[in-house]
$ cat coords29.csv   # CSV, C-alpha atoms
chain,number,residue,atom,x,y,z
X,246,MET,CA,-2.2,4.1,8.3
X,247,ARG,CA,-3.9,2.9,5.2
X,248,VAL,CA,-1.3,4.4,3.0
X,249,ILE,CA,1.4,2.7,5.0
X,250,LEU,CA,-0.3,-0.7,4.9
X,251,CYS,CA,-0.7,-0.3,1.2
X,252,THR,CA,3.1,0.2,0.8
X,253,ALA,CA,3.8,-3.0,2.6
X,254,ALA,CA,1.2,-4.9,0.6
X,255,LEU,CA,2.7,-3.5,-2.6
X,256,MET,CA,6.2,-4.6,-1.4
X,257,PHE,CA,5.0,-8.1,-0.7
X,258,ALA,CA,3.4,-8.2,-4.2
X,259,LEU,CA,6.7,-7.0,-5.8
X,260,ALA,CA,8.6,-9.5,-3.8
X,261,ALA,CA,6.7,-12.3,-5.5
X,262,GLN,CA,7.1,-13.1,-9.2
X,263,ALA,CA,4.5,-11.6,-11.4
X,264,ALA,CA,2.5,-14.9,-11.6
X,265,ASP,CA,3.0,-15.9,-8.0
X,266,ILE,CA,-0.1,-15.5,-5.8
X,267,GLY,CA,1.1,-17.0,-2.6
X,268,GLN,CA,3.8,-18.8,-0.8
X,269,ILE,CA,3.9,-22.3,0.9
X,270,LYS,CA,4.5,-21.8,4.6
X,271,SER,CA,4.0,-25.3,5.8
X,272,ALA,CA,4.3,-28.7,4.0
X,273,ALA,CA,4.5,-32.1,5.6
X,274,GLY,CA,4.3,-35.7,4.3
X,275,THR,CA,3.4,-36.3,0.7
X,276,VAL,CA,2.5,-33.1,-1.0
X,277,HIS,CA,2.8,-31.8,-4.6
X,278,ILE,CA,1.5,-29.2,-7.0
X,279,GLU,CA,0.0,-30.1,-10.3
X,280,ARG,CA,0.9,-27.3,-12.7
X,281,ASP,CA,0.3,-27.3,-16.5
X,282,GLY,CA,-0.2,-31.0,-16.3
X,283,LYS,CA,3.1,-31.7,-14.6
X,284,LEU,CA,3.7,-32.7,-11.0
X,285,ILE,CA,6.1,-30.5,-9.2
X,286,ALA,CA,7.5,-30.5,-5.6
X,287,ALA,CA,6.0,-28.2,-3.1
X,288,PRO,CA,8.6,-27.3,-0.5
X,289,VAL,CA,8.2,-24.7,2.2
X,290,GLY,CA,9.1,-21.3,0.7
X,291,SER,CA,8.1,-22.0,-2.9
X,292,ALA,CA,5.3,-20.1,-4.7
X,293,VAL,CA,1.9,-21.1,-5.8
X,294,ARG,CA,0.2,-19.8,-8.9
X,295,GLN,CA,-3.3,-19.4,-10.3
X,296,SER,CA,-4.6,-22.8,-11.7
X,297,ASP,CA,-2.3,-24.8,-9.5
X,298,LYS,CA,-3.8,-27.9,-8.0
X,299,LEU,CA,-2.6,-28.7,-4.5
X,300,VAL,CA,-2.5,-32.5,-3.8
X,301,THR,CA,-1.8,-34.1,-0.5
X,302,GLY,CA,-1.3,-37.8,0.3
X,303,ALA,CA,-2.6,-39.8,3.2
X,304,ASP,CA,0.2,-38.3,5.4
X,305,GLY,CA,0.3,-34.9,3.7
X,306,THR,CA,-0.6,-31.4,4.8
X,307,ILE,CA,0.1,-28.0,3.2
X,308,GLY,CA,-0.4,-24.3,4.2
X,309,VAL,CA,-0.3,-21.3,2.0
X,310,THR,CA,-0.2,-17.5,2.7
X,311,PHE,CA,-1.6,-15.5,-0.2
X,312,LEU,CA,-0.8,-12.0,-1.4
X,313,ASP,CA,-3.8,-10.5,0.5
X,314,ASN,CA,-2.9,-12.3,3.7
X,315,SER,CA,-5.6,-15.0,3.1
X,316,LEU,CA,-4.4,-18.2,4.7
X,317,VAL,CA,-5.5,-21.6,3.4
X,318,SER,CA,-4.3,-25.1,4.5
X,319,ALA,CA,-5.3,-28.5,3.2
X,320,GLY,CA,-5.3,-31.7,5.3
X,321,PRO,CA,-4.5,-35.3,4.2
X,322,ASN,CA,-5.9,-36.8,1.0
X,323,SER,CA,-7.0,-33.5,-0.4
X,324,VAL,CA,-7.2,-32.0,-3.8
X,325,LEU,CA,-7.6,-28.2,-3.9
X,326,VAL,CA,-7.6,-26.2,-7.2
X,327,LEU,CA,-6.7,-22.5,-7.0
X,328,GLU,CA,-9.0,-21.7,-9.9
X,329,ARG,CA,-8.7,-17.9,-9.9
X,330,TYR,CA,-6.8,-15.4,-7.9
X,331,SER,CA,-6.3,-11.7,-8.5
X,332,TYR,CA,-5.4,-9.0,-5.9
X,333,ASP,CA,-4.7,-5.3,-6.2
X,334,PRO,CA,-2.6,-4.3,-3.1
X,335,THR,CA,-3.5,-0.6,-3.7
X,336,THR,CA,-7.3,-1.0,-3.5
X,337,ALA,CA,-7.4,-4.4,-1.7
X,338,ALA,CA,-9.9,-5.4,-4.4
X,339,GLY,CA,-9.5,-9.0,-5.7
X,340,ARG,CA,-11.1,-12.3,-6.5
X,341,PHE,CA,-10.3,-15.7,-5.1
X,342,ASP,CA,-12.0,-18.8,-6.4
X,343,ALA,CA,-10.9,-22.3,-5.2
X,344,LEU,CA,-12.4,-25.7,-5.7
X,345,LEU,CA,-12.1,-28.4,-3.0
X,346,LYS,CA,-12.5,-31.6,-4.9
X,347,LYS,CA,-11.9,-33.8,-1.9
X,348,GLY,CA,-10.4,-33.8,1.5
X,349,THR,CA,-10.3,-30.9,4.0
X,350,ILE,CA,-9.3,-27.3,4.1
X,351,ALA,CA,-9.1,-24.6,6.8
X,352,VAL,CA,-9.4,-20.9,5.7
X,353,VAL,CA,-8.7,-17.6,7.3
X,354,SER,CA,-10.0,-14.9,4.9
X,355,GLY,CA,-7.7,-11.9,4.1
X,356,LYS,CA,-7.8,-8.3,3.0
X,357,MET,CA,-9.8,-8.7,-0.2
X,358,VAL,CA,-12.8,-10.1,1.8
X,359,LYS,CA,-12.5,-7.3,4.3
X,360,GLN,CA,-12.7,-4.9,1.4
X,361,THR,CA,-15.4,-6.8,-0.5
X,362,PRO,CA,-17.4,-9.6,1.2
X,363,GLU,CA,-17.8,-12.7,-0.9
X,364,SER,CA,-14.9,-11.8,-3.2
X,365,MET,CA,-13.6,-15.2,-2.0
X,366,ARG,CA,-15.5,-18.2,-3.0
X,367,ILE,CA,-14.9,-21.8,-2.2
X,368,ARG,CA,-16.6,-24.4,-4.3
X,369,THR,CA,-17.1,-28.1,-3.5
X,370,PRO,CA,-18.6,-30.7,-5.9
X,371,SER,CA,-22.1,-29.7,-4.8
X,372,THR,CA,-22.0,-26.2,-3.3
X,373,VAL,CA,-20.5,-22.7,-3.5
X,374,MET,CA,-19.5,-20.9,-0.3
X,375,GLY,CA,-19.2,-17.1,-0.2
X,376,VAL,CA,-16.9,-15.9,2.5
X,377,ARG,CA,-17.8,-12.8,4.5
X,378,GLY,CA,-14.7,-12.4,6.7
X,379,THR,CA,-14.1,-15.4,8.9
X,380,GLU,CA,-12.3,-18.6,9.7
X,381,PHE,CA,-13.8,-21.9,8.7
X,382,VAL,CA,-13.2,-25.5,7.8
X,383,VAL,CA,-14.6,-27.5,4.9
X,384,ARG,CA,-14.7,-31.3,4.3
X,385,VAL,CA,-15.5,-33.1,1.1
X,386,ASP,CA,-15.6,-36.9,1.5
X,387,ASP,CA,-15.7,-38.5,-1.9
X,388,SER,CA,-15.9,-42.0,-0.7
X,389,GLY,CA,-19.7,-42.1,-1.5
X,390,SER,CA,-19.3,-40.9,-5.1
U,105,MET,CA,-45.4,-55.7,-1.0
U,106,LEU,CA,-43.3,-54.3,-3.8
U,107,GLY,CA,-44.2,-50.8,-2.6
U,108,VAL,CA,-42.9,-51.6,0.9
U,109,ALA,CA,-39.7,-53.0,-0.6
U,110,VAL,CA,-39.2,-49.9,-2.8
U,111,PHE,CA,-39.9,-47.6,0.2
U,112,THR,CA,-37.4,-49.5,2.3
U,113,ALA,CA,-34.8,-49.3,-0.4
U,114,ILE,CA,-35.4,-45.5,-0.8
U,115,THR,CA,-35.2,-45.1,3.0
U,116,ALA,CA,-31.9,-47.0,3.1
U,117,VAL,CA,-30.5,-44.9,0.3
U,118,LEU,CA,-31.6,-41.7,2.0
U,119,ILE,CA,-29.9,-42.8,5.3
U,120,LEU,CA,-26.8,-43.8,3.4
U,121,PHE,CA,-26.5,-40.3,1.7
U,122,SER,CA,-27.9,-38.2,4.5
U,123,GLY,CA,-24.5,-37.7,5.8
U,124,GLY,CA,-23.3,-39.4,9.0
U,125,PRO,CA,-20.6,-37.7,11.1
U,126,ARG,CA,-17.8,-38.4,8.7
U,127,THR,CA,-19.3,-38.6,5.2
U,128,GLY,CA,-20.4,-36.1,2.6
U,129,GLU,CA,-19.6,-32.4,2.6
U,130,MET,CA,-19.6,-30.2,5.6
U,131,VAL,CA,-18.6,-26.6,6.4
U,132,VAL,CA,-18.0,-25.3,9.9
U,133,VAL,CA,-17.4,-21.6,10.9
U,134,LEU,CA,-14.8,-21.0,13.6
U,135,PRO,CA,-14.2,-18.1,15.9
U,136,SER,CA,-11.2,-16.1,14.8
U,137,ALA,CA,-8.1,-15.6,17.0
U,138,ASP,CA,-9.6,-12.3,18.3
U,139,GLY,CA,-13.0,-13.9,19.0
U,140,HIS,CA,-14.8,-12.3,16.1
U,141,VAL,CA,-17.0,-14.6,14.1
U,142,GLY,CA,-17.7,-13.7,10.5
U,143,SER,CA,-20.0,-15.6,8.2
U,144,VAL,CA,-20.1,-18.0,5.3
U,145,VAL,CA,-23.0,-18.2,2.9
U,146,VAL,CA,-23.5,-21.8,1.6
U,147,ARG,CA,-25.5,-22.1,-1.7
U,148,ARG,CA,-26.7,-25.0,-3.6
U,149,GLY,CA,-29.2,-24.3,-6.4
U,150,VAL,CA,-31.9,-22.2,-4.8
U,151,GLY,CA,-30.9,-23.4,-1.3
U,152,ARG,CA,-29.0,-21.0,0.9
U,153,VAL,CA,-27.8,-21.2,4.5
U,154,VAL,CA,-25.9,-18.5,6.3
U,155,LEU,CA,-23.5,-19.7,9.0
U,156,ASP,CA,-22.6,-16.9,11.4
U,157,ARG,CA,-22.0,-18.4,14.8
U,158,ALA,CA,-19.0,-20.2,16.2
U,159,TYR,CA,-19.0,-23.9,15.4
U,160,MET,CA,-22.2,-23.5,13.4
U,161,ALA,CA,-22.1,-26.2,10.7
U,162,SER,CA,-23.9,-27.2,7.6
U,163,ARG,CA,-23.9,-30.6,6.0
U,164,ILE,CA,-24.5,-30.9,2.2
U,165,SER,CA,-25.7,-34.1,0.6
U,166,SER,CA,-27.0,-35.1,-2.8
U,167,SER,CA,-30.4,-34.1,-1.6
U,168,GLY,CA,-29.4,-30.6,-0.7
U,169,ILE,CA,-28.2,-28.4,2.1
U,170,GLN,CA,-29.1,-29.8,5.5
U,171,SER,CA,-30.3,-27.4,8.1
U,172,SER,CA,-27.5,-26.0,10.2
U,173,GLU,CA,-26.4,-27.3,13.5
U,174,THR,CA,-23.9,-26.3,16.2
U,175,LEU,CA,-21.0,-28.7,16.8
U,176,THR,CA,-18.8,-28.8,19.8
U,177,GLU,CA,-15.4,-27.1,19.7
U,178,ARG,CA,-13.8,-30.4,20.7
U,179,SER,CA,-15.3,-32.5,17.9
U,180,VAL,CA,-14.3,-29.9,15.2
U,181,LEU,CA,-10.8,-29.5,16.5
U,182,GLN,CA,-10.5,-33.3,16.6
U,183,GLU,CA,-11.7,-33.9,13.1
U,184,PHE,CA,-9.7,-31.1,11.5
U,185,ARG,CA,-6.7,-31.2,13.8
U,186,ALA,CA,-4.1,-31.9,11.0
U,187,THR,CA,-5.7,-29.4,8.7
U,188,LEU,CA,-5.7,-26.6,11.3
U,189,ALA,CA,-2.2,-27.4,12.4
U,190,ALA,CA,-1.0,-26.8,8.8
U,191,LEU,CA,-2.4,-23.2,8.7
U,192,PRO,CA,0.4,-20.6,8.3
U,193,LYS,CA,0.9,-18.3,11.2
U,194,ARG,CA,-1.0,-15.0,11.0
U,195,PRO,CA,0.8,-12.1,9.5
U,196,ILE,CA,2.1,-9.7,12.2
U,197,THR,CA,3.5,-6.1,12.3
U,198,PHE,CA,6.1,-4.6,14.6
U,199,VAL,CA,7.2,-0.9,14.9
U,200,LEU,CA,10.8,0.0,15.8
U,201,TYR,CA,11.6,3.6,16.9
U,202,PHE,CA,14.9,5.5,16.3
U,203,ILE,CA,17.0,8.2,18.0
U,204,SER,CA,16.7,11.6,16.3
U,205,ALA,CA,18.6,12.0,13.0
U,206,THR,CA,20.3,8.6,13.3
U,207,ASP,CA,19.9,5.0,12.4
U,208,GLU,CA,20.2,4.0,16.0
U,209,LEU,CA,17.4,2.1,17.7
U,210,THR,CA,15.9,3.5,20.9
U,211,ASP,CA,16.4,1.2,24.0
U,212,GLU,CA,12.8,0.1,23.8
U,213,ALA,CA,13.2,-0.7,20.1
U,214,LYS,CA,16.1,-2.9,20.8
U,215,LEU,CA,13.9,-5.0,23.1
U,216,GLU,CA,11.2,-4.9,20.4
U,217,LEU,CA,13.7,-6.1,17.8
U,218,ASP,CA,14.4,-9.2,20.0
U,219,LYS,CA,10.7,-9.9,19.7
U,220,VAL,CA,10.9,-9.7,15.9
U,221,ILE,CA,13.8,-12.1,15.9
U,222,ALA,CA,11.9,-14.5,18.3
U,223,GLU,CA,8.9,-14.3,16.0
U,224,LEU,CA,11.0,-15.1,12.9
U,225,ARG,CA,12.4,-18.2,14.6
U,226,GLU,CA,8.8,-19.4,15.0
U,227,ARG,CA,8.1,-19.1,11.3
U,228,ALA,CA,9.2,-21.2,8.3
U,229,ALA,CA,10.1,-19.2,5.2
U,230,ALA,CA,9.1,-15.8,6.7
U,231,ASP,CA,8.8,-12.9,4.3
U,232,ILE,CA,9.8,-9.5,5.8
U,233,VAL,CA,9.0,-6.0,4.5
U,234,LEU,CA,10.7,-3.1,6.2
U,235,VAL,CA,9.1,0.4,5.6
U,236,GLY,CA,11.3,3.2,7.0
U,237,HIS,CA,10.2,6.7,8.0
U,238,THR,CA,11.6,9.9,9.5
U,239,ASP,CA,10.2,13.0,11.3
U,240,ARG,CA,10.4,16.4,9.5
U,241,VAL,CA,13.8,17.5,10.8
U,242,GLY,CA,16.1,17.8,7.7
U,243,SER,CA,15.4,18.1,4.0
U,244,ASP,CA,13.1,15.8,2.1
U,245,GLU,CA,16.0,14.3,0.2
U,246,ALA,CA,18.1,13.7,3.4
U,247,ASN,CA,15.1,12.0,5.0
U,248,ASP,CA,14.6,9.7,2.0
U,249,VAL,CA,18.1,8.5,2.6
U,250,LEU,CA,17.8,8.3,6.3
U,251,SER,CA,14.6,6.3,6.2
U,252,LEU,CA,16.3,3.7,4.0
U,253,MET,CA,19.4,3.7,6.2
U,254,ARG,CA,17.1,2.8,9.1
U,255,CYS,CA,15.7,-0.1,7.1
U,256,GLU,CA,19.3,-1.2,6.2
U,257,ARG,CA,20.2,-1.1,9.9
U,258,VAL,CA,17.3,-3.4,10.9
U,259,LYS,CA,18.1,-5.6,7.9
U,260,ALA,CA,21.7,-6.0,9.0
U,261,ASP,CA,20.6,-6.9,12.5
U,262,LEU,CA,18.2,-9.5,11.2
U,263,GLU,CA,20.8,-11.0,8.8
U,264,ARG,CA,23.2,-11.2,11.8
U,265,GLN,CA,20.6,-13.4,13.4
U,266,GLY,CA,20.5,-15.7,10.5
U,267,VAL,CA,17.6,-14.3,8.4
U,268,ALA,CA,18.3,-14.7,4.7
U,269,ALA,CA,18.8,-11.4,2.9
U,270,GLU,CA,16.6,-12.4,0.0
U,271,ARG,CA,13.6,-12.7,2.3
U,272,ILE,CA,13.9,-9.1,3.4
U,273,ARG,CA,12.6,-6.1,1.3
U,274,SER,CA,13.2,-2.5,2.3
U,275,VAL,CA,11.4,0.7,1.2
U,276,GLY,CA,12.2,4.2,2.5
U,277,ARG,CA,9.3,6.6,2.7
U,278,GLY,CA,11.2,9.6,4.1
U,279,GLU,CA,8.9,12.0,5.8
U,280,ARG,CA,5.8,11.3,3.6
U,281,GLU,CA,3.8,9.1,6.0
U,282,LEU,CA,3.8,10.8,9.4
U,283,VAL,CA,2.0,9.2,12.3
U,284,VAL,CA,1.8,12.6,14.0
U,285,GLU,CA,1.4,15.6,11.6
U,286,THR,CA,3.9,18.3,12.5
U,287,ALA,CA,5.2,21.5,11.0
U,288,ASP,CA,8.5,21.2,9.1
U,289,GLU,CA,11.7,20.8,11.2
U,290,VAL,CA,9.8,19.6,14.2
U,291,GLU,CA,11.2,16.6,16.1
U,292,GLU,CA,8.7,13.8,16.7
U,293,PRO,CA,9.8,10.5,18.1
U,294,ARG,CA,6.7,8.6,16.9
U,295,ASN,CA,7.5,9.5,13.3
U,296,ARG,CA,11.0,8.1,13.4
U,297,ARG,CA,10.3,4.5,12.8
U,298,VAL,CA,10.7,1.3,10.8
U,299,GLU,CA,7.6,-0.8,10.4
U,300,VAL,CA,8.3,-4.5,10.2
U,301,PHE,CA,5.7,-6.6,8.3
U,302,VAL,CA,6.2,-10.3,8.8
U,303,ARG,CA,4.3,-13.1,7.2
$ encode --input "coords29.csv" --output "structure tokens"
Amino acid sequence: MRVILCTAALMFALAAQAADIGQIKSAAGTVHIERDGKLIAAPVGSAVRQSDKLVTGADGTIGVTFLDNSLVSAGPNSVLVLERYSYDPTTAAGRFDALLKKGTIAVVSGKMVKQTPESMRIRTPSTVMGVRGTEFVVRVDDSGS
Amino acid sequence: MLGVAVFTAITAVLILFSGGPRTGEMVVVLPSADGHVGSVVVRRGVGRVVLDRAYMASRISSSGIQSSETLTERSVLQEFRATLAALPKRPITFVLYFISATDELTDEAKLELDKVIAELRERAAADIVLVGHTDRVGSDEANDVLSLMRCERVKADLERQGVAAERIRSVGRGERELVVETADEVEEPRNRRVEVFVR
């Protein structure tokens, strides 16, 4: 069964462009990606890449499925930086570092965390969270800073 | 007198930054769809809190990590409603079985295919990977071809239902990945299948 699942994971990886690390599955309201200093649109079905900054407006939300089946969504008024992402579909080893500068996110961890606990880390301005296989939500309110 | 004033000011600042219900940073662990609760380790400097129960939360302020507390499901779902609603649907897998030596779905598989189509209608921009397999009847080469034909058959059915071809990837694995190990030339219905990975 493991071999079979690897095949599918590999195919998902091949289906994406080399630099693509995930795909936008939901987008509503004002949403965009900041990539290489430029603002680009973030429609459903488009890809995200390492170093992308996901930015939502007061009415915006976005949801992304990553190569290892990690799911991450951001609520209104959020800034989430996909600082680092690597994933090997054959071994399920990888690394996922993201920084929530402000706003809210919901996270469902994927295969890399199942393989290696804490391979996914979410930073906020004041903490680091190591993920050991779970679903969770995070809020960063920057109104006080 | 000055001491009292400074103390009052410090207290006021501490209250201001101690994190009311909707200020500062907070992390809350949720139960997963299957009821399993994993854990999140929150670190700040030398401080460390492990959250490992449903709706267990930790608030973080400029003075450090606050001790954890358990919130109500209702309050968490209310505050994070829009965020949780934006989460993509969980990836899901289906298995479709075939009649011996053909690319014809079994009657049960036709019903299962309806479920795949219903699931795809629920998803925006679904990606589909089809992995085809055979049993050990026939040559390795013929089975490589047959496993891919089975994928193509499913793909054609999905396209007829409006799924865009570029969102479907197929791979034929022939008789390499048996669910049930058998001797060569043995019929085995459980090995004749296409796995449908949807996300």
$ interface_residues --input "coords29.csv" --of "chain X" --to "chain U" --cutoff "9 Å" --atoms "all atoms listed in the file" --output "MDAnalysis selection string"
chainID X and resid 246 248:249 252:254 256:257 260 268:273 289:291 306:310 314 316:321 349:353 363 369:389
$ closest_residue --input "coords29.csv" --among "U:Thr286, U:Gly278, U:Leu175, U:Leu262" --to "U:Ala222" --atoms "all atoms listed in the file"
U:Leu262
$ atom_distance --input "coords29.csv" --atom1 "atom CA of X:Thr335" --atom2 "atom CA of U:Tyr201"
25.9 Å
$ residues_around --input "coords29.csv" --residues "X:His277" --least-positions-apart "5" --cutoff "6 Å" --atoms "all atoms listed in the file" --output "list of chain:residue names"
X:Ile285, X:Ala286, X:Ala287, X:Val300
$ atom_distance --input "coords29.csv" --atom1 "atom CA of X:Glu279" --atom2 "atom CA of X:Arg366"
20.9 Å
$ atom_distance --input "coords29.csv" --atom1 "atom CA of U:Ser171" --atom2 "atom CA of X:Gln360"
29.3 Å
$ residues_around --input "coords29.csv" --residues "U:Gly276" --least-positions-apart "5" --cutoff "7 Å" --atoms "all atoms listed in the file" --output "PyMOL selection string"
chain U and resi 235-237+248+251-252
$ residues_around --input "coords29.csv" --residues "U:Lys219" --least-positions-apart "4" --cutoff "12 Å" --atoms "all atoms listed in the file" --output "VMD selection string"
chain U and resid 196 to 200 212 to 215 223 to 226 262 300 302
$ decode --input "coords29.csv" --residues "stretch 316-361 of chain X" --atoms "C-alpha atoms" --output "short mmCIF file (atom, residue, chain, number, x, y, z; two decimals), in the first residue's frame"
data_model
loop_
_atom_site.label_atom_id
_atom_site.label_comp_id
_atom_site.auth_asym_id
_atom_site.auth_seq_id
_atom_site.Cartn_x
_atom_site.Cartn_y
_atom_site.Cartn_z
CA LEU X 316 -3.95 22.02 4.23
CA VAL X 317 -3.64 25.67 5.26
CA SER X 318 -6.22 28.44 5.12
CA ALA X 319 -5.98 32.11 6.04
CA GLY X 320 -8.85 34.26 7.25
CA PRO X 321 -9.51 37.98 6.66
CA ASN X 322 -6.76 40.60 7.18
CA SER X 323 -3.99 38.04 7.18
CA VAL X 324 -0.39 37.94 5.98
CA LEU X 325 1.14 34.46 5.74
CA VAL X 326 4.66 33.93 4.37
CA LEU X 327 5.50 30.47 2.98
CA GLU X 328 9.13 30.78 4.02
CA ARG X 329 10.34 27.31 3.20
CA TYR X 330 8.80 24.18 1.70
CA SER X 331 10.40 20.97 0.51
CA TYR X 332 8.86 17.52 0.16
CA ASP X 333 10.10 14.21 -1.18
CA PRO X 334 7.07 12.12 -2.18
CA THR X 335 9.12 8.91 -2.14
CA THR X 336 10.25 9.18 1.49
CA ALA X 337 7.58 11.64 2.75
CA ALA X 338 10.43 13.64 4.27
CA GLY X 339 10.19 17.40 4.06
CA ARG X 340 10.24 20.76 5.75
CA PHE X 341 7.52 23.39 5.97
CA ASP X 342 8.19 26.75 7.63
CA ALA X 343 5.58 29.47 7.51
CA LEU X 344 5.34 32.85 9.23
CA LEU X 345 1.98 34.29 10.24
CA LYS X 346 2.63 38.01 10.49
CA LYS X 347 -0.97 38.88 11.26
CA GLY X 348 -4.46 37.53 11.01
CA THR X 349 -5.64 33.95 11.38
CA ILE X 350 -4.82 30.56 9.88
CA ALA X 351 -6.21 27.05 10.17
CA VAL X 352 -3.85 24.13 9.57
CA VAL X 353 -4.31 20.40 8.94
CA SER X 354 -0.90 18.76 8.94
CA GLY X 355 0.03 16.37 6.12
CA LYS X 356 2.27 13.45 5.29
CA MET X 357 5.60 15.04 6.18
CA VAL X 358 4.52 15.58 9.78
CA LYS X 359 3.20 12.03 9.95
CA GLN X 360 6.65 10.89 8.80
CA THR X 361 8.65 13.37 10.90
#
